[in-house]
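Some notes on the structure that comes next.
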Amino acid sequence: MADEALVKNKQVVLKNYVNAGLPKESDMEIKEKSIQLKVPEGTKDSILVKNLYLSCDPYMRNRMKKLEDSYVPSFEPGSTISGYGVAKVVDSTHPEYKNGDLVWGMTGWEEYSLLTAPGLLFKIQHTDVPLTYYTGLLGMAGMTAYTGFYEICTPKKGEYVYVSAASGAVGQLVGQFAKLLGCYVVGSAGSKEKIDLLKNKFGFDEAFNYKEEPDLDAALKRYFPEGIDIYFENVGGKMLDAVLLNMRVHGRIAVCGMISQYNNDKPEATHNLMYIIPKRVRMQGFIVSDFYHLYPKYLEMVIPSIKEGKITYVEDVAEGIESAPTALIGLFIGRNVGKQLVVVSRD
């Protein structure tokens with residue numbers, strides 16, 4: 001093989017497991033290796049991709065722990081981190097992919113990745129929208145919002161909807177989907193800038209800063225005097241406890257994530273679970289990958305709404321793979337405004 005096809009490949013590597021506490025930039029390191037821009041001889045059904053955009057997602061925090069019996073495996077210390085991203089095929093021995101194809105799905109946190117089992121990949125058909133959207137709005141986050149809201153919560157026009165972590169990658173979409181359906185929507189977030197976004201850009205009816213509310217139950221009663229029909233759960237902890245006091249009869253809770261708990265040594269207890277009995281509340285956890293067969297249906301719904309300006313999406317963009325560890329850790333201290341992504345390359 002010609003030497004000129006050998007290129008440098010910067011990678012984000014996990015140095016050690018982080019079982020408790022907030023992860024630090026120093027728990028990861030940037031390493032540089034070399035890679036040949038060709039699928040190795042005799043390797044079937046594989047593709048070599050150039051990574052363009054990487055997605056920073058809260059579930060990645062748990063992969064930094066030593067996990068037993070999890071739906072997603074732990075990262076391996078000393079190995080490259082993986083996550084969702086947008087990439088371009090550079091070489092392929094897979095019958096369904098050819099050079100130049102654009103894809104989104106699971107890839108390595110590195111400049112180039114050899115994907116020997118590209119099962120969790122989707123070909124990008126719509127290139128008349130920003131490619132970065134496939135890290136969020138048209139990728140895993142969009143499908144998460146769609147699945148949790150429509151499939152799990154079976155919403156009806158006029159219902160009262162509450163979304164926590166509402167300005168994040170998923171929350172901003174849940175709120176907009178609910179408004180398009182004709183629901184009353186309130187979101188919470190952790191800064192004035194985020195609250196302004198919720199009300200002025202995403203069209204939420206109301207929004208509040210949970211950090212300024214000493215009594216979350218009182219705050220929810222203020223915004224939902226008649227109670228909550230649908231709660232899209234992203235944070236857990238004290239917020240979930242307050243919501244359980246304010247659910248309406250036959251309310252639904254889609255449990256998407258609990259970001260307030262991911263860095264805790266021991267999870268906080270939930271005290272108000274008994275209220276789901278008299279209120280006949282249905283509370284369901286879900287994993288988006290169980291619903292990826294609905295992706296074409298989701299695109300049919302969302303692409304026209306994007307083109308008509310009915311759906312808007314805010315991204316927080318970090319430049320360069322060297323910025324990836326800082327960008328990921330920012331999720332857990334609320335530093336990001338909107339969908340956090342990392343630009344590895346724009347071509």
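Letters for chains follow the order of the structure tokens (A, B, ...), residue numbers begin at 1 for each chain, and ligand numbers begin at 1 in the order shown.
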
Inset, instruction - Would you please extract all alpha helix (DSSP H) residues from region 85-272 of chain A, as assigned by DSSP on the backbone, and give them as a PyMOL selection string? - result: chain A and resi 140-146+171-181+192-200+216-223+237-244

Inset, instruction - Among the residues of region 67-315 of chain A, find those DSSP assigns to strand (DSSP E or B) from the backbone and print them as a ChimeraX atom specification. - result: /A:80,82-92,102-108,110,112-115,121-123,160-163,184-189,206-209,228-233,247-255,282-285,315

Inset, instruction - Determine, counting only C-alpha atoms, which protein, DNA and RNA residues have an atom within 9 Å of an atom of region 218-230 of chain A; residues of the same chain fewer than 5 positions away are not included. Present the result as a PyMOL selection string. - result: chain A and resi 149+153+155+159-163+186+206-208+210+213+242-243+245-254

Output N, CA, C and O atoms for every residue in that selection, as a CSV table (one decimal), in the first residue's frame.
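Result file follows (part_32.csv):
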```csv
chain,number,residue,atom,x,y,z
A,149,PHE,N,-42.4,11.5,23.0
A,149,PHE,CA,-43.6,12.4,23.0
A,149,PHE,C,-44.7,11.6,22.3
A,149,PHE,O,-45.8,11.5,22.9
A,153,CYS,N,-46.1,8.9,25.0
A,153,CYS,CA,-47.1,9.7,25.7
A,153,CYS,C,-48.4,9.9,25.0
A,153,CYS,O,-49.3,10.4,25.6
A,155,PRO,N,-50.0,11.9,22.9
A,155,PRO,CA,-50.5,13.2,23.3
A,155,PRO,C,-51.8,13.6,22.5
A,155,PRO,O,-52.0,13.1,21.4
A,159,GLU,N,-53.7,19.3,25.7
A,159,GLU,CA,-53.2,18.7,27.0
A,159,GLU,C,-52.0,19.6,27.5
A,159,GLU,O,-51.4,20.4,26.8
A,160,TYR,N,-51.8,19.5,28.8
A,160,TYR,CA,-50.8,20.3,29.5
A,160,TYR,C,-49.5,19.5,29.6
A,160,TYR,O,-49.4,18.4,30.2
A,161,VAL,N,-48.4,20.1,29.0
A,161,VAL,CA,-47.2,19.4,28.9
A,161,VAL,C,-46.0,20.1,29.6
A,161,VAL,O,-45.9,21.3,29.4
A,162,TYR,N,-45.3,19.4,30.3
A,162,TYR,CA,-44.1,19.9,31.0
A,162,TYR,C,-42.8,19.2,30.6
A,162,TYR,O,-42.8,18.0,30.5
A,163,VAL,N,-41.8,20.0,30.3
A,163,VAL,CA,-40.5,19.5,29.8
A,163,VAL,C,-39.4,20.0,30.7
A,163,VAL,O,-39.2,21.2,30.8
A,186,VAL,N,-44.9,24.1,29.1
A,186,VAL,CA,-44.0,24.8,30.0
A,186,VAL,C,-42.7,24.1,30.1
A,186,VAL,O,-42.7,22.8,30.1
A,206,GLU,N,-44.8,29.1,28.6
A,206,GLU,CA,-44.1,29.6,29.8
A,206,GLU,C,-42.8,28.8,30.0
A,206,GLU,O,-42.6,27.7,29.5
A,207,ALA,N,-41.9,29.4,30.8
A,207,ALA,CA,-40.7,28.7,31.1
A,207,ALA,C,-40.2,29.3,32.5
A,207,ALA,O,-40.4,30.5,32.8
A,208,PHE,N,-39.4,28.5,33.2
A,208,PHE,CA,-38.9,29.0,34.5
A,208,PHE,C,-37.5,28.5,34.7
A,208,PHE,O,-37.2,27.4,34.3
A,210,TYR,N,-35.2,26.7,37.1
A,210,TYR,CA,-35.4,25.9,38.3
A,210,TYR,C,-34.5,26.3,39.5
A,210,TYR,O,-34.7,26.1,40.6
A,213,GLU,N,-36.1,28.7,42.0
A,213,GLU,CA,-37.3,28.2,42.6
A,213,GLU,C,-37.0,27.4,43.8
A,213,GLU,O,-36.6,26.2,43.7
A,242,ALA,N,-41.3,16.5,42.6
A,242,ALA,CA,-42.3,17.6,42.6
A,242,ALA,C,-43.4,17.3,41.5
A,242,ALA,O,-44.6,17.6,41.7
A,243,VAL,N,-42.9,16.8,40.3
A,243,VAL,CA,-43.9,16.5,39.3
A,243,VAL,C,-44.9,15.5,39.7
A,243,VAL,O,-46.1,15.6,39.4
A,245,LEU,N,-46.3,15.0,42.4
A,245,LEU,CA,-47.4,15.7,43.2
A,245,LEU,C,-48.4,16.4,42.3
A,245,LEU,O,-49.5,16.8,42.8
A,246,ASN,N,-48.0,16.7,41.0
A,246,ASN,CA,-48.8,17.6,40.2
A,246,ASN,C,-49.4,16.9,38.9
A,246,ASN,O,-49.9,17.6,38.0
A,247,MET,N,-49.3,15.6,38.8
A,247,MET,CA,-49.8,14.9,37.6
A,247,MET,C,-51.3,14.8,37.7
A,247,MET,O,-51.9,14.7,38.8
A,248,ARG,N,-51.9,14.9,36.5
A,248,ARG,CA,-53.4,14.7,36.4
A,248,ARG,C,-53.7,13.2,36.3
A,248,ARG,O,-52.9,12.4,36.0
A,249,VAL,N,-55.0,12.9,36.5
A,249,VAL,CA,-55.5,11.6,36.3
A,249,VAL,C,-55.2,11.1,34.9
A,249,VAL,O,-55.4,11.9,33.9
A,250,HIS,N,-54.7,9.9,34.8
A,250,HIS,CA,-54.3,9.3,33.5
A,250,HIS,C,-53.1,10.1,32.8
A,250,HIS,O,-53.0,10.1,31.6
A,251,GLY,N,-52.3,10.7,33.6
A,251,GLY,CA,-51.1,11.4,33.1
A,251,GLY,C,-50.1,10.4,32.6
A,251,GLY,O,-50.1,9.2,33.0
A,252,ARG,N,-49.2,10.9,31.8
A,252,ARG,CA,-48.1,10.0,31.2
A,252,ARG,C,-46.8,10.7,31.5
A,252,ARG,O,-46.6,11.9,31.2
A,253,ILE,N,-45.8,9.9,31.9
A,253,ILE,CA,-44.4,10.4,32.0
A,253,ILE,C,-43.5,9.5,31.2
A,253,ILE,O,-43.4,8.3,31.3
A,254,ALA,N,-42.8,10.2,30.2
A,254,ALA,CA,-41.8,9.5,29.4
A,254,ALA,C,-40.5,9.7,30.1
A,254,ALA,O,-40.0,10.9,30.2
```

Inset, instruction - Using only C-alpha atoms, pick whichever of A:Glu193, A:Glu322, A:Asp241, A:Glu315 has the shortest atom-to-atom distance to Glu32 (chain A). - result: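 Of A:Glu193, A:Glu322, A:Asp241, A:Glu315, the one nearest Glu32 (chain A) is A:Glu322, counting only C-alpha atoms.
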
So that each row is one residue of region 73-159 of chain A with an atom at most 9 Å from region 43-65 of chain A, can you give its shortest atom pair and the distance in Å to one decimal, using only C-alpha atoms, rows by chain and rising number, as a Markdown table?
```
| residue | atom | partner | partner_atom | distance |
| --- | --- | --- | --- | --- |
| A:Pro73 | CA | A:Arg63 | CA | 6.5 |
| A:Ser74 | CA | A:Arg63 | CA | 4.3 |
| A:Phe75 | CA | A:Arg63 | CA | 5.4 |
| A:Glu76 | CA | A:Met64 | CA | 8.2 |
| A:Pro77 | CA | A:Met64 | CA | 8.6 |
| A:Ser82 | CA | A:Met60 | CA | 8.8 |
| A:Gly83 | CA | A:Ser55 | CA | 6.7 |
| A:Tyr84 | CA | A:Ser55 | CA | 5.4 |
| A:Gly85 | CA | A:Leu54 | CA | 4.2 |
| A:Val86 | CA | A:Tyr53 | CA | 5.1 |
| A:Ala87 | CA | A:Asn51 | CA | 4.3 |
| A:Lys88 | CA | A:Lys50 | CA | 5.2 |
| A:Val89 | CA | A:Val49 | CA | 4.4 |
| A:Val90 | CA | A:Val49 | CA | 5.2 |
| A:Asp91 | CA | A:Leu48 | CA | 5.1 |
| A:Ser92 | CA | A:Ile47 | CA | 4.3 |
| A:Thr93 | CA | A:Asp45 | CA | 5.1 |
| A:His94 | CA | A:Asp45 | CA | 3.9 |
| A:Pro95 | CA | A:Asp45 | CA | 6.9 |
| A:Glu96 | CA | A:Asp45 | CA | 8.7 |
| A:Tyr97 | CA | A:Ile47 | CA | 7.5 |
| A:Lys98 | CA | A:Ile47 | CA | 8.5 |
| A:Asn99 | CA | A:Ile47 | CA | 8.9 |
| A:Val103 | CA | A:Val49 | CA | 8.9 |
| A:Thr107 | CA | A:Asn51 | CA | 7.8 |
| A:Gly108 | CA | A:Asn51 | CA | 8.0 |
| A:Trp109 | CA | A:Leu54 | CA | 7.1 |
| A:Glu110 | CA | A:Asn51 | CA | 7.0 |
| A:Glu111 | CA | A:Asn51 | CA | 5.4 |
| A:Tyr112 | CA | A:Lys50 | CA | 4.6 |
| A:Ser113 | CA | A:Val49 | CA | 5.4 |
| A:Leu114 | CA | A:Leu48 | CA | 4.4 |
| A:Leu115 | CA | A:Ile47 | CA | 5.3 |
| A:Thr116 | CA | A:Ser46 | CA | 4.4 |
| A:Ala117 | CA | A:Ser46 | CA | 6.3 |
| A:Pro118 | CA | A:Ser46 | CA | 6.9 |
| A:Leu131 | CA | A:Tyr53 | CA | 8.5 |
| A:Thr132 | CA | A:Tyr53 | CA | 6.6 |
| A:Tyr134 | CA | A:Tyr53 | CA | 8.8 |
| A:Thr135 | CA | A:Ser55 | CA | 5.3 |
| A:Gly136 | CA | A:Ser55 | CA | 7.4 |
| A:Ala141 | CA | A:Asp57 | CA | 8.7 |
```

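Using only C-alpha atoms, the shortest contact distance between Ile195 (chain A) and any of A:Val337, A:Val174, A:Leu273, A:Ala169 is found at A:Val337.
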
Legend entry - Among the residues A:Asp217, A:Asp316, A:Glu151, A:Asp27, the one that comes closest to Phe286 (chain A) [using only C-alpha atoms]: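 Checking each candidate against Phe286 (chain A), we get A:Glu151 as the closest.
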
Legend entry - Which residue of A:Ala145, A:Val129, A:Val235, A:Ile81 approaches Met106 (chain A) most closely, using only C-alpha atoms: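 Under the stated criterion, the closest residue is A:Ile81.
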
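Shortest separation to Asn209 (chain A) among A:Leu173, A:Ser26, A:Leu331, A:Ala165 occurs at residue A:Ala165, atoms counted being only C-alpha atoms.
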
Inset, instruction - Kindly give the distance, in Å, that separates CA of Met239 (chain A) and CA of Leu216 (chain A), rounded to a single decimal. - result: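 Spanning CA of Met239 (chain A) to CA of Leu216 (chain A) is a straight-line distance of 6.8 Å.
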
Legend entry - Å distance separating CA of Phe232 (chain A) from CA of Leu197 (chain A), one decimal place: 18.3 Å
